[in-house]
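J.: What follows is model03.cif, mmCIF, C-alpha atoms.
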data_protein
loop_
_atom_site.label_atom_id
_atom_site.label_comp_id
_atom_site.auth_asym_id
_atom_site.auth_seq_id
_atom_site.Cartn_x
_atom_site.Cartn_y
_atom_site.Cartn_z
CA MET G 24 -1.33 21.99 11.68
CA ASN G 25 -3.70 19.06 11.11
CA CYS G 26 -2.94 16.54 8.41
CA ARG G 27 -5.30 13.67 7.65
CA LEU G 28 -3.68 10.59 6.09
CA ASP G 29 -4.93 7.39 4.53
CA LEU G 30 -2.06 4.91 4.82
CA HIS G 31 -3.89 1.99 3.20
CA LEU G 32 -5.41 2.91 -0.16
CA HIS G 33 -6.14 0.53 -3.02
CA THR G 34 -6.72 1.67 -6.58
CA SER G 35 -8.22 -0.16 -9.54
CA ALA G 36 -4.89 -2.02 -9.80
CA SER G 37 -6.20 -4.14 -6.88
CA PRO G 38 -9.13 -6.55 -7.24
CA ASP G 39 -11.03 -4.90 -4.37
CA SER G 40 -11.13 -1.32 -5.72
CA ARG G 41 -12.54 0.37 -8.81
CA MET G 42 -11.12 3.84 -8.11
CA THR G 43 -8.35 5.16 -10.33
CA LEU G 44 -5.42 7.02 -8.83
CA SER G 45 -6.80 10.31 -10.19
CA GLN G 46 -10.20 9.61 -8.63
CA ALA G 47 -8.55 8.80 -5.28
CA VAL G 48 -6.62 12.09 -5.34
CA ALA G 49 -9.80 14.04 -6.14
CA ALA G 50 -11.73 12.30 -3.34
CA ALA G 51 -8.90 12.92 -0.87
CA LYS G 52 -8.69 16.60 -1.74
CA LYS G 53 -12.47 16.98 -1.41
CA ARG G 54 -12.38 15.39 2.08
CA GLY G 55 -9.33 17.28 3.34
CA VAL G 56 -6.97 14.30 3.26
CA CYS G 57 -3.42 15.54 2.66
CA ALA G 58 -1.65 12.22 1.95
CA LEU G 59 -2.45 8.79 0.51
CA ALA G 60 -0.31 5.65 0.67
CA VAL G 61 -0.89 3.86 -2.63
CA SER G 62 -0.79 0.25 -1.41
CA ASP G 63 -2.22 -2.06 -4.02
CA HIS G 64 -2.26 -5.83 -3.48
CA ASN G 65 1.00 -7.57 -4.41
CA ARG G 66 1.99 -4.65 -6.61
CA CYS G 67 4.32 -1.82 -5.77
CA ALA G 68 2.99 1.70 -6.28
CA PRO G 69 3.32 2.71 -9.94
CA GLN G 70 6.44 4.58 -11.05
CA GLU G 71 4.36 7.76 -11.47
CA VAL G 72 3.89 7.88 -7.67
CA PHE G 73 7.67 7.86 -7.21
CA ASP G 74 8.20 10.40 -10.02
CA LYS G 75 5.47 12.87 -9.07
CA PRO G 76 4.45 12.38 -5.42
CA LEU G 77 2.52 15.65 -5.07
CA ARG G 78 -0.76 15.71 -6.98
CA ASP G 79 -3.22 18.56 -6.70
CA GLY G 80 -2.06 19.27 -3.14
CA VAL G 81 -2.21 15.60 -2.06
CA LEU G 82 1.03 13.78 -1.20
CA LEU G 83 1.22 10.25 -2.64
CA ILE G 84 3.25 7.85 -0.51
CA PRO G 85 4.74 4.90 -2.41
CA ALA G 86 3.56 1.67 -0.78
CA VAL G 87 2.55 -1.96 -1.32
CA GLU G 88 0.38 -4.55 0.43
CA TYR G 89 1.67 -8.11 0.18
CA SER G 90 -0.58 -11.10 0.81
CA THR G 91 1.51 -13.57 2.79
CA GLU G 92 0.91 -16.90 4.49
CA ALA G 93 0.78 -14.98 7.79
CA GLY G 94 -1.59 -12.20 6.68
CA HIS G 95 -1.33 -8.91 4.82
CA LEU G 96 1.85 -6.84 5.19
CA LEU G 97 2.01 -3.16 4.23
CA GLY G 98 5.21 -1.59 3.01
CA LEU G 99 5.03 2.19 3.50
CA PHE G 100 7.32 5.08 2.50
CA LEU G 101 9.17 3.08 -0.16
CA GLN G 102 12.22 4.90 -1.51
CA ARG G 103 12.26 2.87 -4.74
CA PRO G 104 10.08 0.23 -6.40
CA CYS G 105 10.23 -3.22 -4.86
CA ARG G 106 9.50 -6.71 -6.10
CA CYS G 107 8.97 -9.73 -3.96
CA PRO G 108 9.61 -13.27 -5.18
CA ASN G 109 6.38 -14.92 -6.42
CA GLU G 110 4.31 -11.74 -5.94
CA GLU G 111 2.33 -12.41 -9.10
CA THR G 112 0.98 -15.66 -7.59
CA GLY G 113 -1.05 -13.76 -5.01
CA ARG G 114 0.66 -15.05 -1.87
CA VAL G 115 4.28 -14.55 -0.86
CA CYS G 116 6.46 -15.59 2.05
CA PHE G 117 6.18 -13.13 4.95
CA SER G 118 9.95 -12.91 5.43
CA ASP G 119 10.51 -12.40 1.67
CA ALA G 120 7.93 -9.61 1.65
CA ALA G 121 9.51 -7.92 4.67
CA ALA G 122 12.96 -8.18 3.10
CA ALA G 123 11.74 -6.69 -0.21
CA ILE G 124 10.10 -3.78 1.63
CA HIS G 125 13.21 -3.11 3.73
CA ASP G 126 15.46 -3.37 0.66
CA ALA G 127 13.33 -0.67 -0.98
CA GLY G 128 13.81 1.60 2.05
CA GLY G 129 10.28 1.02 3.34
CA LEU G 130 8.65 0.46 6.70
CA CYS G 131 6.74 -2.79 7.40
CA VAL G 132 3.32 -2.49 9.07
CA LEU G 133 0.71 -5.19 9.68
CA ALA G 134 -2.31 -4.32 7.55
CA HIS G 135 -5.07 -5.97 9.62
CA PRO G 136 -3.51 -6.97 12.95
CA TYR G 137 -6.76 -7.45 14.87
CA GLU G 138 -9.13 -8.63 12.17
CA LEU G 139 -10.45 -12.04 13.12
CA THR G 140 -12.40 -12.73 9.93
CA ARG G 141 -9.28 -13.02 7.76
CA HIS G 142 -6.06 -14.93 8.00
CA SER G 143 -3.83 -12.61 10.00
CA VAL G 144 -0.44 -12.58 11.67
CA ALA G 145 -0.44 -14.84 14.73
CA GLU G 146 -0.26 -13.35 18.21
#
Here is a file; write its structure as structure tokens.

T.:
Amino acid sequence: MNCRLDLHLHTSASPDSRMTLSQAVAAAKKRGVCALAVSDHNRCAPQEVFDKPLRDGVLLIPAVEYSTEAGHLLGLFLQRPCRCPNEETGRVCFSDAAAAIHDAGGLCVLAHPYELTRHSVAE
């Protein structure tokens, strides 16, 4: 069985996307994507993703993308909502972000490990 995933999706809750969650689900279904990780900037996936993870045949994975001093850090497969200290300021401490993700039962993944045009986690 093939399953196409997008593990780094932003919705209109992030400054770099205009797509609503419903629009993202419709686009995923149309393109044969079976799962989306809702990973908005410095904002945990909305409660509705935790409450109703299956939408129109597309699995929604609760996630977050924290902007840290060392680059962007994804938190995937969150078991419960998480909050990181100072997340509303737009930049949080990498170790605080990792701890918040782990405390919420999530997996930490570097969002842009090889991107040279942005501030990213050091070698």

J.: As an exercise, work out the distance from CA of Cys131 in chain G to CA of Val72 in chain G in Å and give it to one decimal place.

T.: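 Result for CA of Cys131 in chain G versus CA of Val72 in chain G: 18.7 Å, one decimal.
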
J.: Skipping near chain neighbours, those fewer than 4 positions away, what residues fall within 6 Å of range 120-130 of chain G using all atoms listed in the file, listed as a VMD selection string?

T.: chain G and resid 98 to 103 105 107

J.: Export C-alpha atoms of the chosen residues as a PDB file, in the frame of the given file?

T.:
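Dumped to result-v1.pdb:
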ATOM      1  CA  GLY G  98       5.210  -1.590   3.010  1.00  0.00           C
ATOM      2  CA  LEU G  99       5.030   2.190   3.500  1.00  0.00           C
ATOM      3  CA  PHE G 100       7.320   5.080   2.500  1.00  0.00           C
ATOM      4  CA  LEU G 101       9.170   3.080  -0.160  1.00  0.00           C
ATOM      5  CA  GLN G 102      12.220   4.900  -1.510  1.00  0.00           C
ATOM      6  CA  ARG G 103      12.260   2.870  -4.740  1.00  0.00           C
ATOM      7  CA  CYS G 105      10.230  -3.220  -4.860  1.00  0.00           C
ATOM      8  CA  CYS G 107       8.970  -9.730  -3.960  1.00  0.00           C
TER       9      CYS G 107
END

J.: Give the answer as one residue: which of G:His64, G:Gly113, G:Asn25, G:Lys52 has the shortest atom-to-atom distance to Leu77 in chain G, using only C-alpha atoms?

T.: G:Lys52

J.: Once the PyMOL selection byres ((chain G and resi 116) around 10) has been applied to the shown file, what residues remain in the selection, as an NGL selection string?

T.: :G and (89-94 or 107-110 or 114-115 or 117-122)

J.: Could you write out the selected residues, including C-alpha atoms, as a PDB file, in the coordinates of the input?

T.:
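selection.pdb, freshly written:
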ATOM      1  CA  TYR G  89       1.670  -8.110   0.180  1.00  0.00           C
ATOM      2  CA  SER G  90      -0.580 -11.100   0.810  1.00  0.00           C
ATOM      3  CA  THR G  91       1.510 -13.570   2.790  1.00  0.00           C
ATOM      4  CA  GLU G  92       0.910 -16.900   4.490  1.00  0.00           C
ATOM      5  CA  ALA G  93       0.780 -14.980   7.790  1.00  0.00           C
ATOM      6  CA  GLY G  94      -1.590 -12.200   6.680  1.00  0.00           C
ATOM      7  CA  CYS G 107       8.970  -9.730  -3.960  1.00  0.00           C
ATOM      8  CA  PRO G 108       9.610 -13.270  -5.180  1.00  0.00           C
ATOM      9  CA  ASN G 109       6.380 -14.920  -6.420  1.00  0.00           C
ATOM     10  CA  GLU G 110       4.310 -11.740  -5.940  1.00  0.00           C
ATOM     11  CA  ARG G 114       0.660 -15.050  -1.870  1.00  0.00           C
ATOM     12  CA  VAL G 115       4.280 -14.550  -0.860  1.00  0.00           C
ATOM     13  CA  PHE G 117       6.180 -13.130   4.950  1.00  0.00           C
ATOM     14  CA  SER G 118       9.950 -12.910   5.430  1.00  0.00           C
ATOM     15  CA  ASP G 119      10.510 -12.400   1.670  1.00  0.00           C
ATOM     16  CA  ALA G 120       7.930  -9.610   1.650  1.00  0.00           C
ATOM     17  CA  ALA G 121       9.510  -7.920   4.670  1.00  0.00           C
ATOM     18  CA  ALA G 122      12.960  -8.180   3.100  1.00  0.00           C
TER      19      ALA G 122
END

J.: CA of Phe73 in chain G to CA of Cys26 in chain G: how many Å, to one decimal?

T.: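 For CA of Phe73 in chain G relative to CA of Cys26 in chain G, the distance reads 20.8 Å.
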
J.: Go through the shown structure with the PyMOL selection byres ((chain G and resi 134) around 7) and write out the matching residues as a list in words.

T.: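 Selected by the PyMOL selection byres ((chain G and resi 134) around 7) here: His95, Leu96, Leu97, Val132, Leu133, His135 and Pro136 of chain G.
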
J.: Expand the PyMOL selection byres ((chain G and resi 68) around 6) into the individual residues it matches in the shown file, reporting them as a list in words.

T.: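 Those residues are Val61, Cys67, Pro69, Pro85 and Ala86 of chain G.
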
J.: Put those residues in a file: C-alpha atoms, as a PDB file, in the frame of the given file.

T.:
ATOM      1  CA  VAL G  61      -0.890   3.860  -2.630  1.00  0.00           C
ATOM      2  CA  CYS G  67       4.320  -1.820  -5.770  1.00  0.00           C
ATOM      3  CA  PRO G  69       3.320   2.710  -9.940  1.00  0.00           C
ATOM      4  CA  PRO G  85       4.740   4.900  -2.410  1.00  0.00           C
ATOM      5  CA  ALA G  86       3.560   1.670  -0.780  1.00  0.00           C
TER       6      ALA G  86
END

J.: Hey, which of G:Cys57, G:Ser62, G:Ala50, G:Ile84 ends up closest to Ser35 in chain G? Count only C-alpha atoms.

T.: G:Ser62

J.: Rounded to one decimal in Å, what is the spacing between CA of Arg78 in chain G and CA of Ser37 in chain G?

T.: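 Interatomic distance here is 20.6 Å.
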
J.: Here is a test: counting only C-alpha atoms, which residue of G:Asp79, G:Glu111, G:Glu88, G:Asp63 is nearest to Ser45 in chain G?

T.: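 Under the stated criterion, the closest residue is G:Asp79.
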